[in-house]
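Engineer: Here you go, one structure.
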Amino acid sequence: MTGGIVRVTGSGLGCTDWPMCTGETLAPTAEMGVHGAIEFGNRLLTGALCAVVGWVIITARLQEKPMPAVLRGGWAQFWIVVLNAVVGGVTVWMRLSPYIVAAHFLAATLLLTAAVYTWHAAYADADAGVDTGAGSGADPDVDADSGAGAVPVPRVRSLSVALVAVTALLVFVGTLATGSGPHAGDSSDVARMPFNWTAVTVVHGLLAGTVLVLAGVLLSALPKDGFGAARRKAVAFLAVLLGQGLVGLVQSVTALPSLLVMLHLLGSALVWTGVLQVHFTVKRACSGHSSPLSGAPLPRARGAATHA
C-alpha cells in the first residue's frame, strides 16, 4: 500500500538514487520535500519486513517439532523482500520504466504468495497427522462425508488450480492496463507501455468475469461436509472479487482518481490473498486435514503451541 502511495502522489523519484536516496545522503534532504519523505518511508519498510520474516524463521527453528515448510516459507519471504528491494532500485535507475514498475508490483504479489503459504504451513505442521474423519478407510478421490452424490476430489482440486491460474493472469494483465493507460499521480512525461489501453482493459474485465464464474462453480462443487472452511473462504473471495470489480469499473470511467487507484491496489492484494486462501484450504480439506479456521480446536502439540 505504501508503494501505491508512492505512485499516486508522484513520488516515484522522490529519492533520485538507490540504495542511497541521493548521491551523497542515505536519507532525503529537506529540499526534497514530501516526495522524498514518502519514497524513503516506503524503503524503510524493507527493513521492517526483514525483521518480521527473521522472527518467523527463528521462531520456527526453536520449535521442538520440526517445521520445515514454515522455514522454507520464511526463507522464501526473506529472499523475495531482497529481490523486491533490488527491483525497486532498478525502477529508480530506469526512471520509472513501466515494465520495471510492473515487475516491482508482481514481486510484491509474490511476497504475498509466500506469506499466505507460510501461514498455512504453520497450521498444517501443527495439525499434521490429525484424523478429521473425512476419508478414513475410503477412496481418497471421493469425499467420504458428502454421502450420496459425492463430488470427486480431483474435480475440486482442478477447479481450485484453475481458479488460481486465471486469477494470476488477471493480476498480470492488470499491470499491463496500468502500464499502458493514464498514470495517476505522475506527469504525462512518464513512459507508458505501447498497448491499446481500452483493449487491455476489456481483456482485464473479461478475465475478472472468468474468475467470478470459476469461483462460483468451485463453490457449488464443494461438498458441504468436510469443506466448511473452504466454502466460507470461497464466499468471502466472491465478495472481495465483486467489490474489486466495482472499484475497477468506477475508476476506469472517472479518470482514475487517486483514492480509487489506492482502493484498487488494496483490492488486488485482497483478491490474490483470497484466492490463495481458497486454494490452500481446499487442498488441505482434500488431504483430510481440518482447516485452521474451520472452528475445530487445533492440537497443542509440544513445541508447536506458538504456531509461529
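Please note that chains go A, B, ... in the order of the C-alpha cells, that every chain numbers its residues from 1, and that ligands are numbered from 1 in the order shown.
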Got a sec: who's within 12 Å of Gly181 of chain A, counting only C-alpha atoms, leaving out chain neighbours fewer than 4 positions off, as a list in words?

Structural biologist: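 Contacts, in chain order: Pro98, Gly174, Thr175, Leu176, Ala177, Asp186, Ser188, Val190, Ala191, Arg192, Met193, Pro194, Phe195, Asn196, Trp197, Thr198, Ala199, Val200, Thr201, Ser252, Ala255 and Leu256 of chain A.
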
Engineer: From segment 47-255 of chain A, collect each residue whose DSSP state is alpha helix (DSSP H) and return the set as number ranges by chain.

Structural biologist: A: 47-62, 68-93, 98-127, 153-180, 197-221, 228-253

Engineer: Would you save the residues of that selection, restricted to C-alpha atoms, as a short mmCIF file (atom, residue, chain, number, x, y, z; two decimals), in the first residue's frame?

Structural biologist:
```
data_model
loop_
_atom_site.label_atom_id
_atom_site.label_comp_id
_atom_site.auth_asym_id
_atom_site.auth_seq_id
_atom_site.Cartn_x
_atom_site.Cartn_y
_atom_site.Cartn_z
CA GLY A 47 13.99 -3.36 6.98
CA ALA A 48 10.80 -3.89 8.96
CA LEU A 49 9.79 -6.76 6.68
CA CYS A 50 13.20 -8.40 7.06
CA ALA A 51 12.91 -8.16 10.86
CA VAL A 52 9.46 -9.78 10.92
CA VAL A 53 10.45 -12.52 8.48
CA GLY A 54 13.61 -13.18 10.52
CA TRP A 55 11.41 -13.53 13.60
CA VAL A 56 9.31 -16.15 11.77
CA ILE A 57 12.42 -18.11 10.74
CA ILE A 58 13.96 -18.05 14.23
CA THR A 59 10.70 -18.98 15.96
CA ALA A 60 10.12 -21.88 13.59
CA ARG A 61 13.62 -23.20 14.27
CA LEU A 62 13.06 -23.03 18.04
CA PRO A 68 10.40 -27.45 7.52
CA ALA A 69 7.56 -25.98 5.45
CA VAL A 70 7.43 -22.88 7.64
CA LEU A 71 11.19 -22.49 7.37
CA ARG A 72 11.01 -22.77 3.60
CA GLY A 73 8.25 -20.19 3.51
CA GLY A 74 10.14 -17.86 5.83
CA TRP A 75 13.33 -18.03 3.79
CA ALA A 76 11.33 -17.58 0.59
CA GLN A 77 9.83 -14.40 2.03
CA PHE A 78 13.26 -13.11 3.05
CA TRP A 79 14.75 -13.53 -0.41
CA ILE A 80 11.65 -12.11 -2.11
CA VAL A 81 11.93 -9.00 0.09
CA VAL A 82 15.55 -8.67 -1.02
CA LEU A 83 14.52 -9.22 -4.65
CA ASN A 84 11.81 -6.58 -4.44
CA ALA A 85 14.22 -4.08 -2.90
CA VAL A 86 16.59 -4.60 -5.82
CA VAL A 87 13.75 -4.30 -8.35
CA GLY A 88 12.70 -1.09 -6.61
CA GLY A 89 16.22 0.23 -7.01
CA VAL A 90 16.22 -0.66 -10.71
CA THR A 91 12.88 1.18 -11.00
CA VAL A 92 14.61 4.35 -9.81
CA TRP A 93 17.64 3.79 -12.04
CA PRO A 98 6.54 0.90 -16.77
CA TYR A 99 7.95 -2.60 -17.29
CA ILE A 100 10.10 -2.40 -14.17
CA VAL A 101 7.24 -0.83 -12.21
CA ALA A 102 5.07 -3.81 -13.23
CA ALA A 103 7.83 -6.21 -12.14
CA HIS A 104 8.01 -4.36 -8.80
CA PHE A 105 4.28 -4.91 -8.26
CA LEU A 106 4.46 -8.58 -9.28
CA ALA A 107 7.37 -9.16 -6.89
CA ALA A 108 5.23 -7.72 -4.09
CA THR A 109 2.46 -10.11 -5.13
CA LEU A 110 4.98 -12.96 -4.98
CA LEU A 111 5.74 -11.92 -1.40
CA LEU A 112 2.03 -12.18 -0.57
CA THR A 113 2.08 -15.69 -2.04
CA ALA A 114 4.95 -16.77 0.21
CA ALA A 115 3.30 -15.15 3.24
CA VAL A 116 0.00 -16.99 2.76
CA TYR A 117 1.85 -20.27 2.12
CA THR A 118 3.85 -19.82 5.34
CA TRP A 119 0.72 -19.03 7.34
CA HIS A 120 -0.98 -22.21 6.14
CA ALA A 121 2.21 -24.25 6.59
CA ALA A 122 2.38 -23.24 10.26
CA TYR A 123 -1.07 -24.70 10.92
CA ALA A 124 -0.54 -27.72 8.68
CA ASP A 125 2.67 -28.65 10.51
CA ALA A 126 0.97 -28.26 13.87
CA ASP A 127 -2.04 -30.30 12.80
CA VAL A 153 -11.96 -34.69 -5.11
CA PRO A 154 -9.86 -34.43 -8.32
CA ARG A 155 -12.53 -32.17 -9.84
CA VAL A 156 -12.45 -29.87 -6.83
CA ARG A 157 -8.66 -29.76 -6.94
CA SER A 158 -8.67 -29.00 -10.67
CA LEU A 159 -11.16 -26.17 -10.23
CA SER A 160 -9.06 -24.72 -7.42
CA VAL A 161 -5.88 -24.81 -9.52
CA ALA A 162 -7.69 -23.28 -12.49
CA LEU A 163 -9.03 -20.50 -10.28
CA VAL A 164 -5.52 -19.63 -9.08
CA ALA A 165 -4.12 -19.73 -12.63
CA VAL A 166 -6.76 -17.43 -14.13
CA THR A 167 -6.54 -15.06 -11.16
CA ALA A 168 -2.77 -14.86 -11.67
CA LEU A 169 -3.37 -13.98 -15.33
CA LEU A 170 -5.92 -11.37 -14.20
CA VAL A 171 -3.33 -9.73 -11.94
CA PHE A 172 -0.69 -9.80 -14.69
CA VAL A 173 -2.99 -8.20 -17.27
CA GLY A 174 -3.88 -5.61 -14.64
CA THR A 175 -0.25 -4.47 -14.66
CA LEU A 176 -0.45 -4.09 -18.45
CA ALA A 177 -3.60 -1.98 -18.09
CA THR A 178 -1.82 0.21 -15.56
CA GLY A 179 1.35 0.43 -17.62
CA SER A 180 -0.39 1.37 -20.85
CA TRP A 197 -5.36 0.78 -23.07
CA THR A 198 -9.04 0.21 -23.93
CA ALA A 199 -8.36 -3.23 -25.39
CA VAL A 200 -6.21 -4.29 -22.44
CA THR A 201 -8.85 -3.03 -20.01
CA VAL A 202 -11.55 -5.05 -21.79
CA VAL A 203 -9.40 -8.20 -21.61
CA HIS A 204 -8.80 -7.47 -17.91
CA GLY A 205 -12.54 -7.23 -17.35
CA LEU A 206 -13.24 -10.46 -19.24
CA LEU A 207 -10.67 -12.27 -17.13
CA ALA A 208 -12.32 -10.90 -14.00
CA GLY A 209 -15.63 -12.31 -15.21
CA THR A 210 -13.97 -15.67 -15.86
CA VAL A 211 -12.56 -15.71 -12.33
CA LEU A 212 -16.01 -14.88 -10.97
CA VAL A 213 -17.58 -17.80 -12.86
CA LEU A 214 -14.83 -20.23 -11.82
CA ALA A 215 -15.20 -19.20 -8.17
CA GLY A 216 -18.95 -19.76 -8.37
CA VAL A 217 -18.51 -23.18 -9.98
CA LEU A 218 -15.96 -24.17 -7.34
CA LEU A 219 -18.29 -23.06 -4.55
CA SER A 220 -21.15 -25.12 -5.98
CA ALA A 221 -18.84 -28.14 -6.38
CA GLY A 228 -16.97 -25.87 5.50
CA ALA A 229 -13.90 -23.63 5.80
CA ALA A 230 -13.26 -23.84 2.06
CA ARG A 231 -16.85 -22.86 1.32
CA ARG A 232 -16.68 -19.88 3.68
CA LYS A 233 -13.46 -18.68 2.12
CA ALA A 234 -14.89 -19.11 -1.37
CA VAL A 235 -17.87 -16.94 -0.39
CA ALA A 236 -15.54 -14.31 1.07
CA PHE A 237 -13.43 -14.43 -2.10
CA LEU A 238 -16.52 -13.87 -4.27
CA ALA A 239 -17.47 -10.86 -2.17
CA VAL A 240 -13.99 -9.34 -2.44
CA LEU A 241 -13.90 -10.03 -6.18
CA LEU A 242 -17.25 -8.30 -6.73
CA GLY A 243 -16.10 -5.28 -4.71
CA GLN A 244 -12.84 -5.12 -6.64
CA GLY A 245 -14.70 -5.29 -9.95
CA LEU A 246 -16.95 -2.41 -8.91
CA VAL A 247 -13.97 -0.25 -7.92
CA GLY A 248 -12.19 -1.08 -11.17
CA LEU A 249 -15.24 -0.20 -13.25
CA VAL A 250 -15.79 3.11 -11.49
CA GLN A 251 -12.11 4.15 -11.66
CA SER A 252 -11.94 3.38 -15.39
CA VAL A 253 -14.83 5.75 -16.19
#
```

Engineer: Quick one: distance from atom CA of Thr29 of chain A to atom CA of Leu96 of chain A in Å, one decimal?

Structural biologist: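 One can read the atom CA of Thr29 of chain A to atom CA of Leu96 of chain A distance as 21.0 Å.
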